[in-house]
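This report refers to the structure that appears directly beneath it.
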Number of protein chains: 2
Amino acid sequence: MAVKRIGTRTLRFDNRPSVAGYASIVGKKEGEGPLAKEFDKIYDDSYLGEASFEKAESRMQQEAFERAASKSGFATGDIDVIYAGDLLNQCIATSFGLRSSGVPLVGLYGACSTFAEGMMLASMTVDGGYASRAAAIASSHFATSERQYRTPMEYGSQRAPTAQWMVTGAGACVISDSGGGIRVTHATPGRIVDLGVIDQNNMGAAMAPSAHDTLTALFTDTGTTPADYDLVVTGDLGAVGLELLMELFKKDGVNFAENLGDCGLLIFDRKAQDVHAGGSGCGCSASVMCAHIFDKLRAGSLKRVVFAGTGAMLSPTSTMQGESVPGVCHAVVLESDVER
Amino acid sequence: MAVKRIGTRTLRFDNRPSVAGYASIVGKKEGEGPLAKEFDKIYDDSYLGEASFEKAESRMQQEAFERAASKSGFATGDIDVIYAGDLLNQCIATSFGLRSSGVPLVGLYGACSTFAEGMMLASMTVDGGYASRAAAIASSHFATSERQYRTPMEYGSQRAPTAQWMVTGAGACVISDSGGGIRVTHATPGRIVDLGVIDQNNMGAAMAPSAHDTLTALFTDTGTTPADYDLVVTGDLGAVGLELLMELFKKDGVNFAENLGDCGLLIFDRKAQDVHAGGSGCGCSASVMCAHIFDKLRAGSLKRVVFAGTGAMLSPTSTMQGESVPGVCHAVVLESDVER
């Protein structure tokens with residue numbers, strides 16, 4: 001078999017599948033942030049007209065998928081397979097949101113790394129010839145997450161300064177064997193890294209070591225350095241985690257200058273919107289990638305980007321049982337073939 | 001790119017990756033059933049010496065993985081990537097069980113179809129040259145599931161006759177680009193099928209239509225009929241679901257004679273062990289495949305098998321909100337290259 005793997009664990013996509021189309025759907029607060037003009041649709045009603053927050057989140061997945069397919073020039077039935085997930089118990093936003101699609105669905109759970117995980121698998125599936133078109137989709141909803149992970153919102157609990165704000169949003173993209181604009185060239189799957197952080201209000205600190213681990217593997221495997229990319233964007237370490245990631249790299253003698261960013265810091269104006277350490281949730285990186293980042297790659301104003309999706313693989317049960325917070329990070333490398 | 005897809009949605013693995021090794025770990029009740037002698041390890045203590053049922057389930061995943069690697073002739077560090085999942089909220093059995101492995105982990109959620117989903121992705125990854133060795137792992141635990149999905153066991157709730165018994169068990173296999181014995185030749189990913197079953201105590205009825213959908217696609221895409229296989233084994237429809245699946249095929253004029261089975265019916269003696277409609281849970285098909293079925297393929301007493309993993313993609317929240325139960329089924333085709 002032809003080996004499409006380089007170094008310790010990086011996948012090489014020689015056929016350079018393209019991001020043929022993408023769409024993002026977000027909530028009111030996200031629509032008041034710095035990326036407001038770049039999202040496809042902003043819902044002011046956090047129920048989206050549905051009977052529950054969970055059904056609203058499902059609806060966002062469905063709409064993001066349908067728009068991404070349409071913007072790619074395809075009918076939803078032209079998509080061969082979907083890789084998708086969310087944060088809800090048993091990933092119901094995904095299974096109910098994509099129930100009527102009629103498209104094969106491979107369910108994922110990677111916490112907030114899910115969109116990167118989905119992009120990696122969709123790209124591998126298309127690059128390998130197992131599908132012509134594969135979609136990656138992820139979502140989160142502030143209200144479904146808060147009541148599931150933390151306390152009922154009615155309690156009005158004080159938020160820790162290190163806490164991140166769960167994004168209401170969904171992003172979907174279609175990876176295709178034809179077309180151009182944005183290419184997926186590599187992906188590096190992450191292993192679980194757990195340095196013993198037990199504060200469930202500090203996900204950034206829990207996830208930063210996994211981002212460091214995966215990015216180090218990616219750079220080593222591909223013989224690149226941060227300077228070879230216009231942007232390395234994590235999703236979502238927030239302000240605390242991003243600072244820690246820079247420190248970890250500094251210890252290795254690697255300096256990120258201007259080219260390190262985070263989806264959780266891009267989506268909100270931290271100070272004005274009172275979101276503490278930044279945004280988070282599967283829908284955060286999914287909606288930021290499927291608007292701001294892909295737009296810039298498509299325009300050629302970003303030429304080469306690493307998207308490093310980070311996830312905190314805990315549950316309320318594991319926390320109550322005294323467990324620490326395991327982190328994981330999956331990375332994909334994107335290139336623009338647009339001459340600016 | 002070379003097309004490795006046939007018909008509407010079946011993946012063709014021309015390099016015929018092999019199931020190089022596999023292992024199963026089960027609990028006491030499973031160890032009292034008809035397959036007792038075939039499992040690698042039976043734990044009489046449902047805590048496995050751990051402090052909680054959840055930690056016990058994690059421990060089963062870890063042990064199943066380590067044994068599967070070892071039985072394949074590999075160190076765990078030789079495995080390039082793991083595809084794994086379970087039924088717990090946020091899949092903590094997986095993330096904590098495989099935390100110390102140091103192997104890249106791609107988290108899945110496919111309910112009880114997870115092991116088939118993992119085998120499909122691991123086989124694609126190896127067939128495509130993206131990994132030399134990829135593992136698929138899934139687990140479930142009676143006590144973690146019962147208290148999460150239903151009522152605390154202390155209530156002693158009456159079980160419905162259509163209910164299935166959640167298996168305590170884990171199964172792991174290593175798919176490799178070298179070796180032989182058992183080959184994975186095709187896989188068919190499933191779409192969500194939901195005919196409106198709202199009884200969460202009748203998963204078999206909810207999942208049977210998805211098994212019918214995926215198996216029909218597999219037969220059509222590959223130009224085969226049930227008679228071309230020694231065994232078509234679902235996991236886990238139980239007695240009610242399997243009956244319905246046969247009815248659905250009968251309407252199409254397709255008759256399964258002796259060659260249709262179900263992991264949930266194989267693992268327990270339904271009458272003697274009082275498990276109502278049979279076994280279920282991610283760990284049911286995982287442990288039955290990684291003992292009984294792979295053993296027979298390796299011995300050459302089964303030559304060609306379809307493993308159709310079925311999942312019910314609901315959560316207690318979706319049920320409480322009045323939703324029906326969406327089903328999904330992913331299928332893989334296995335061949336023995338052992339001459340009997």
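Scheme for the structure tokens: letters A, B, ... for chains in order shown; per-chain residue numbers from 1; ligand numbers from 1 in order shown.
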Distance query Gly27 in chain A at most 12 Å, only C-alpha atoms, self and fewer than 6 positions along chain excluded, as number ranges by chain: A: 33, 36, 39-48, 53, 56-57, 60, 139-143, 166-170, 267, 283-284, 287
If you keep C-alpha atoms, can you produce a file of those selected residues as a PDB file, in the first residue's frame?
ATOM      1  CA  GLY A  33     -19.150  40.017  18.415  1.00  0.00           C
ATOM      2  CA  ALA A  36     -20.808  39.385  13.137  1.00  0.00           C
ATOM      3  CA  PHE A  39     -21.492  34.415   9.731  1.00  0.00           C
ATOM      4  CA  ASP A  40     -24.123  33.090   7.351  1.00  0.00           C
ATOM      5  CA  LYS A  41     -26.967  33.489   9.778  1.00  0.00           C
ATOM      6  CA  ILE A  42     -27.514  34.954  13.227  1.00  0.00           C
ATOM      7  CA  TYR A  43     -30.493  33.865  15.317  1.00  0.00           C
ATOM      8  CA  ASP A  44     -31.645  36.341  17.943  1.00  0.00           C
ATOM      9  CA  ASP A  45     -33.981  33.727  19.419  1.00  0.00           C
ATOM     10  CA  SER A  46     -31.978  31.127  21.335  1.00  0.00           C
ATOM     11  CA  TYR A  47     -34.762  28.598  20.714  1.00  0.00           C
ATOM     12  CA  LEU A  48     -34.670  29.137  16.937  1.00  0.00           C
ATOM     13  CA  PHE A  53     -32.703  24.394  23.435  1.00  0.00           C
ATOM     14  CA  ALA A  56     -32.593  24.449  18.581  1.00  0.00           C
ATOM     15  CA  GLU A  57     -29.061  23.071  18.526  1.00  0.00           C
ATOM     16  CA  MET A  60     -28.445  24.739  13.752  1.00  0.00           C
ATOM     17  CA  SER A 139     -22.285  22.480  17.143  1.00  0.00           C
ATOM     18  CA  SER A 140     -22.755  23.756  20.665  1.00  0.00           C
ATOM     19  CA  HIS A 141     -25.382  25.841  22.402  1.00  0.00           C
ATOM     20  CA  PHE A 142     -24.835  27.977  25.491  1.00  0.00           C
ATOM     21  CA  ALA A 143     -28.066  26.898  27.147  1.00  0.00           C
ATOM     22  CA  MET A 166     -19.969  28.325  25.585  1.00  0.00           C
ATOM     23  CA  VAL A 167     -20.698  29.430  22.035  1.00  0.00           C
ATOM     24  CA  THR A 168     -24.130  29.014  20.478  1.00  0.00           C
ATOM     25  CA  GLY A 169     -23.243  28.057  16.956  1.00  0.00           C
ATOM     26  CA  ALA A 170     -22.728  25.420  14.322  1.00  0.00           C
ATOM     27  CA  ILE A 267     -15.397  35.141  18.265  1.00  0.00           C
ATOM     28  CA  GLY A 283     -19.595  25.259  17.749  1.00  0.00           C
ATOM     29  CA  CYS A 284     -16.954  27.883  18.508  1.00  0.00           C
ATOM     30  CA  SER A 287     -18.362  28.582  13.287  1.00  0.00           C
TER      31      SER A 287
END
DSSP-assigned helix (DSSP H, G or I) among range 40-205 of chain A, expressed as a PyMOL selection string: chain A and resi 53-71+76-78+89-97+99-101+111-127+142-149+153-155+203-205
Per residue of range 97-214 of chain A within 8 Å of range 100-115 of chain B, which atom pair is closest and at what distance in Å (one decimal), using only C-alpha atoms, listed by chain and increasing number, as CSV?
residue,atom,partner,partner_atom,distance
A:Val106,CA,B:Gly110,CA,7.3
A:Gly107,CA,B:Tyr109,CA,4.9
A:Leu108,CA,B:Leu108,CA,4.2
A:Tyr109,CA,B:Gly107,CA,4.9
A:Gly110,CA,B:Gly107,CA,5.4
A:Glu117,CA,B:Val106,CA,7.3
A:Pro189,CA,B:Pro104,CA,5.6
A:Gly190,CA,B:Pro104,CA,4.7
A:Arg191,CA,B:Pro104,CA,3.8
A:Ile192,CA,B:Gly102,CA,6.9
How about saving the chosen residues, N, CA and C atoms kept, as a PDB file, in the first residue's frame?
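New file part_14.pdb:
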ATOM      1  N   VAL A 106     -21.334   9.366  10.402  1.00  0.00           N
ATOM      2  CA  VAL A 106     -20.345   8.771  11.307  1.00  0.00           C
ATOM      3  C   VAL A 106     -20.240   9.701  12.509  1.00  0.00           C
ATOM      4  N   GLY A 107     -20.732   9.241  13.664  1.00  0.00           N
ATOM      5  CA  GLY A 107     -20.802  10.080  14.856  1.00  0.00           C
ATOM      6  C   GLY A 107     -19.461  10.162  15.567  1.00  0.00           C
ATOM      7  N   LEU A 108     -19.122  11.377  15.988  1.00  0.00           N
ATOM      8  CA  LEU A 108     -17.837  11.611  16.650  1.00  0.00           C
ATOM      9  C   LEU A 108     -18.060  12.153  18.048  1.00  0.00           C
ATOM     10  N   TYR A 109     -17.115  11.864  18.949  1.00  0.00           N
ATOM     11  CA  TYR A 109     -17.047  12.619  20.179  1.00  0.00           C
ATOM     12  C   TYR A 109     -15.606  13.033  20.448  1.00  0.00           C
ATOM     13  N   GLY A 110     -15.339  14.300  20.301  1.00  0.00           N
ATOM     14  CA  GLY A 110     -14.010  14.823  20.576  1.00  0.00           C
ATOM     15  C   GLY A 110     -14.082  16.093  21.393  1.00  0.00           C
ATOM     16  N   GLU A 117     -11.466  17.161  14.261  1.00  0.00           N
ATOM     17  CA  GLU A 117     -11.523  15.699  14.101  1.00  0.00           C
ATOM     18  C   GLU A 117     -12.333  15.327  12.856  1.00  0.00           C
ATOM     19  N   PRO A 189      -3.521  13.496  14.142  1.00  0.00           N
ATOM     20  CA  PRO A 189      -4.435  13.138  15.232  1.00  0.00           C
ATOM     21  C   PRO A 189      -3.728  13.255  16.580  1.00  0.00           C
ATOM     22  N   GLY A 190      -4.486  13.594  17.598  1.00  0.00           N
ATOM     23  CA  GLY A 190      -3.898  13.814  18.921  1.00  0.00           C
ATOM     24  C   GLY A 190      -4.109  12.657  19.869  1.00  0.00           C
ATOM     25  N   ARG A 191      -3.170  12.549  20.798  1.00  0.00           N
ATOM     26  CA  ARG A 191      -3.354  11.573  21.869  1.00  0.00           C
ATOM     27  C   ARG A 191      -3.824  12.313  23.119  1.00  0.00           C
ATOM     28  N   ILE A 192      -4.336  11.555  24.078  1.00  0.00           N
ATOM     29  CA  ILE A 192      -4.792  12.159  25.325  1.00  0.00           C
ATOM     30  C   ILE A 192      -3.576  12.624  26.123  1.00  0.00           C
TER      31      ILE A 192
END
Every residue of range 94-256 of chain B that DSSP places in strand (DSSP E or B), as a ChimeraX atom specification: /B:104-108,133-140,165-166,169-176,182-188,191,193,231-235
Just C-alpha atoms for this one: save the residues we selected as a PDB file, in the first residue's frame.
ATOM      1  CA  PRO B 104      -3.565   9.086  19.044  1.00  0.00           C
ATOM      2  CA  LEU B 105      -7.238   8.680  19.883  1.00  0.00           C
ATOM      3  CA  VAL B 106     -10.141   9.447  17.571  1.00  0.00           C
ATOM      4  CA  GLY B 107     -13.268   9.490  19.737  1.00  0.00           C
ATOM      5  CA  LEU B 108     -16.491   8.064  18.341  1.00  0.00           C
ATOM      6  CA  ARG B 133      -1.929  -0.462  12.491  1.00  0.00           C
ATOM      7  CA  ALA B 134      -5.178   0.987  13.796  1.00  0.00           C
ATOM      8  CA  ALA B 135      -7.242  -0.250  16.716  1.00  0.00           C
ATOM      9  CA  ALA B 136     -11.017  -0.287  17.222  1.00  0.00           C
ATOM     10  CA  ILE B 137     -12.308  -0.438  20.786  1.00  0.00           C
ATOM     11  CA  ALA B 138     -15.711  -0.195  22.477  1.00  0.00           C
ATOM     12  CA  SER B 139     -17.113  -0.904  25.907  1.00  0.00           C
ATOM     13  CA  SER B 140     -20.220  -0.848  28.055  1.00  0.00           C
ATOM     14  CA  TRP B 165     -29.673  -6.335  29.104  1.00  0.00           C
ATOM     15  CA  MET B 166     -26.675  -4.028  28.987  1.00  0.00           C
ATOM     16  CA  GLY B 169     -17.661  -5.924  28.499  1.00  0.00           C
ATOM     17  CA  ALA B 170     -15.074  -4.453  26.191  1.00  0.00           C
ATOM     18  CA  GLY B 171     -13.605  -5.611  22.922  1.00  0.00           C
ATOM     19  CA  ALA B 172     -10.574  -4.381  21.038  1.00  0.00           C
ATOM     20  CA  CYS B 173      -9.037  -5.388  17.740  1.00  0.00           C
ATOM     21  CA  VAL B 174      -5.979  -4.301  15.791  1.00  0.00           C
ATOM     22  CA  ILE B 175      -6.348  -3.800  12.040  1.00  0.00           C
ATOM     23  CA  SER B 176      -3.011  -4.178  10.295  1.00  0.00           C
ATOM     24  CA  ILE B 182      -9.121 -12.403   8.903  1.00  0.00           C
ATOM     25  CA  ARG B 183      -9.502  -9.725   6.231  1.00  0.00           C
ATOM     26  CA  VAL B 184     -11.775  -6.678   6.134  1.00  0.00           C
ATOM     27  CA  THR B 185     -12.953  -6.311   2.541  1.00  0.00           C
ATOM     28  CA  HIS B 186     -15.800  -3.757   2.592  1.00  0.00           C
ATOM     29  CA  ALA B 187     -17.699  -1.417   4.854  1.00  0.00           C
ATOM     30  CA  THR B 188     -21.004   0.397   4.502  1.00  0.00           C
ATOM     31  CA  ARG B 191     -27.594   6.825   7.755  1.00  0.00           C
ATOM     32  CA  VAL B 193     -33.349   5.851  10.072  1.00  0.00           C
ATOM     33  CA  LEU B 231     -23.227 -15.340   8.695  1.00  0.00           C
ATOM     34  CA  VAL B 232     -24.814 -11.908   8.868  1.00  0.00           C
ATOM     35  CA  VAL B 233     -24.503 -10.887  12.495  1.00  0.00           C
ATOM     36  CA  THR B 234     -26.182  -7.786  13.890  1.00  0.00           C
ATOM     37  CA  GLY B 235     -25.125  -6.123  17.109  1.00  0.00           C
TER      38      GLY B 235
END
Selection: 12 Å around Leu218 in chain B, only C-alpha atoms, excl. self and same-chain fewer than 4 positions, as a PyMOL selection string: chain B and resi 5-12+185-190+211-214+222-226+232+306-308+329-333
Which of B:Asn202, B:Gln61, B:Ser280, B:Gln321 sits closest to chain A [using only C-alpha atoms]: B:Gln321
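Using only C-alpha atoms, the smallest distance between any of B:Ala257, B:Ala312, B:Ala69, B:Met203 and Ser24 in chain B comes from B:Ala69.
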Top pick for closest residue to chain B, considering A:Arg304, A:Lys251, A:Arg16, A:Lys37 and counting only C-alpha atoms: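 Nearest candidate to chain B out of A:Arg304, A:Lys251, A:Arg16, A:Lys37: A:Arg16.
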Residues near Ala160 in chain B, cut-off 9 Å, only C-alpha atoms, skip fewer than 4 positions along chain, as number ranges by chain: B: 164, 201-202, 276
Export N, CA and C atoms of the chosen residues as a PDB file, in the first residue's frame?
ATOM      1  N   GLN B 164     -33.531  -4.915  26.590  1.00  0.00           N
ATOM      2  CA  GLN B 164     -32.326  -5.724  26.469  1.00  0.00           C
ATOM      3  C   GLN B 164     -31.438  -5.477  27.694  1.00  0.00           C
ATOM      4  N   ASN B 201     -37.807   1.369  25.767  1.00  0.00           N
ATOM      5  CA  ASN B 201     -37.574   0.003  26.210  1.00  0.00           C
ATOM      6  C   ASN B 201     -37.665  -0.993  25.061  1.00  0.00           C
ATOM      7  N   ASN B 202     -37.701  -0.476  23.843  1.00  0.00           N
ATOM      8  CA  ASN B 202     -37.762  -1.370  22.688  1.00  0.00           C
ATOM      9  C   ASN B 202     -36.782  -0.898  21.622  1.00  0.00           C
ATOM     10  N   HIS B 276     -34.441 -11.063  29.093  1.00  0.00           N
ATOM     11  CA  HIS B 276     -35.539 -10.588  28.240  1.00  0.00           C
ATOM     12  C   HIS B 276     -35.158 -10.689  26.760  1.00  0.00           C
TER      13      HIS B 276
END
Interatomic distance, CA of Phe219 in chain A to CA of Val81 in chain B (Å, one decimal):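 Rounded to one decimal, the two atoms are 18.5 Å apart.
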Point-to-point distance in Å for CA of Gly97 in chain B and CA of Gly85 in chain B: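 Distance between the two atoms: 10.3 Å.
Neighbours of Leu244 in chain A closer than or equal to 7 Å, with only C-alpha atoms counted and sequence neighbours fewer than 3 positions away skipped, come out as Ala205, Ala208, Val240, Gly241, Glu247 and Leu248 of chain A.
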Output for the residues just chosen: C-alpha atoms as a PDB file, in the first residue's frame:
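Produced file selection_3.pdb, reproduced below:
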ATOM      1  CA  ALA A 205      -4.979  24.966  31.209  1.00  0.00           C
ATOM      2  CA  ALA A 208      -2.901  23.526  26.370  1.00  0.00           C
ATOM      3  CA  VAL A 240      -5.443  31.322  29.760  1.00  0.00           C
ATOM      4  CA  GLY A 241      -4.747  28.276  27.640  1.00  0.00           C
ATOM      5  CA  GLU A 247       4.982  29.208  27.534  1.00  0.00           C
ATOM      6  CA  LEU A 248       5.267  25.507  26.717  1.00  0.00           C
TER       7      LEU A 248
END
Near-range 314-319 of chain B list (7 Å; only C-alpha atoms; drop same-chain fewer than 3 positions) as a list in words: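 With the cut-off at 7 Å, the set is Asn89, Gln90 and Ile92 of chain A; Tyr149, Gly322, Glu323, Ser324, Val325 and Pro326 of chain B.
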